[in-house]
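Below is one structure, written out as structure tokens; comments come after it.
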Amino acid sequence: MKGRGWILGLALSFACGGEPAPKGGVGGADGGAEDSGGAGEGGADTGPCAEVPLVNYNNFGHSFVLHTCQGCHASTAADRYGAPEDSTFDTVEQVWAQRDRVLARAAAEPPTMPPAGGSSEDDRVRLRWWLECAEEGT
Ligand code: HEC
């Protein structure tokens with residue numbers, strides 16, 4: 001599948017974002033990435049979010065949650081299979097309210113949500129880009 005390479009490449013650099021940058025490249029902290037402000041808040045201009053594409057509820061999260069989580073975590077789910085009532089993901093607000101838990105369960109490697117699997121590695125990378133890098137609540 002084309003297009004997968006760059007995603008995993010970015011994912012890799014994203015995963016290593018906490019480490020000091022290797023020599024070369026943008027020496028100073030303010031290498032000119034300051035202008036955009038489009039990558040969300042929280043010092044995203046130099047952090048691991050600086051280079052990730054804009055991923056949010058509209059272009060990823062809604063469809064991901066709908067297909068991967070709502071079978072058990074929608075308020076209208078026919079059978080929640082025991083998913084707790086307070087983990088209901090009908091809206092973007094509900095997902096952000098449990099952001100840390102969603103990341104811990106669904107973006108971990110290996111993930112523990114959905115319980116029987118079903119998300120791809122690309123999904124999980126995008127999930128992290130969304131909930132770690134997008135403007136909160138979007
Ligand atoms: C097949 C049904 C099913 C699907 C699909 C599913 N879950 Fe769950 N979920 C459960 C059950 C059952 C529990 C309670 C048991 C547990 O915590 O393991 C739960 C609990 C949770 C909790 C609360 C417990 C905690 O650790 O905070 C979160 C958050 C969660 N799921 C997130 C998700 C996300 C995000 C997705 C989609 C990527 C998802 N789940 C998909 C069944 C499901």
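Starting from 1 in every chain, residues are counted up; chains themselves are A, B, ... following the order of the structure tokens, and ligands are numbered from 1 as listed.
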Counting only C-alpha atoms and all ligand atoms, what residues are within 6 Å of ligand 1, given as a list of chain:residue names?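 For ligand 1, the residues inside 6 Å are A:Val65, A:Thr68, A:Cys69, A:Gly71, A:Cys72, A:Tyr81, A:Gly82, A:Ala83, A:Pro84, A:Ser87, A:Arg101, A:Val102, A:Arg105, A:Ala106, A:Met113, A:Pro114, A:Pro115.
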Residues at most 12 Å from Pro111 in chain A, counting only C-alpha atoms, excluding those fewer than 4 positions away in the same chain, as a list in words? Arg101, Val102, Leu103, Ala104, Arg105, Ala106, Ala107, Pro115, Ala116, Gly117, Gly118, Ser119, Ser120, Glu121, Asp123, Arg124, Val125 and Leu127 of chain A
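If you look at CA of Gln94 in chain A and CA of Pro53 in chain A, they are 23.0 Å away from each other.
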Have a look at CA of Asp122 in chain A and CA of Arg80 in chain A and let me know their distance in Å, one decimal. 25.5 Å
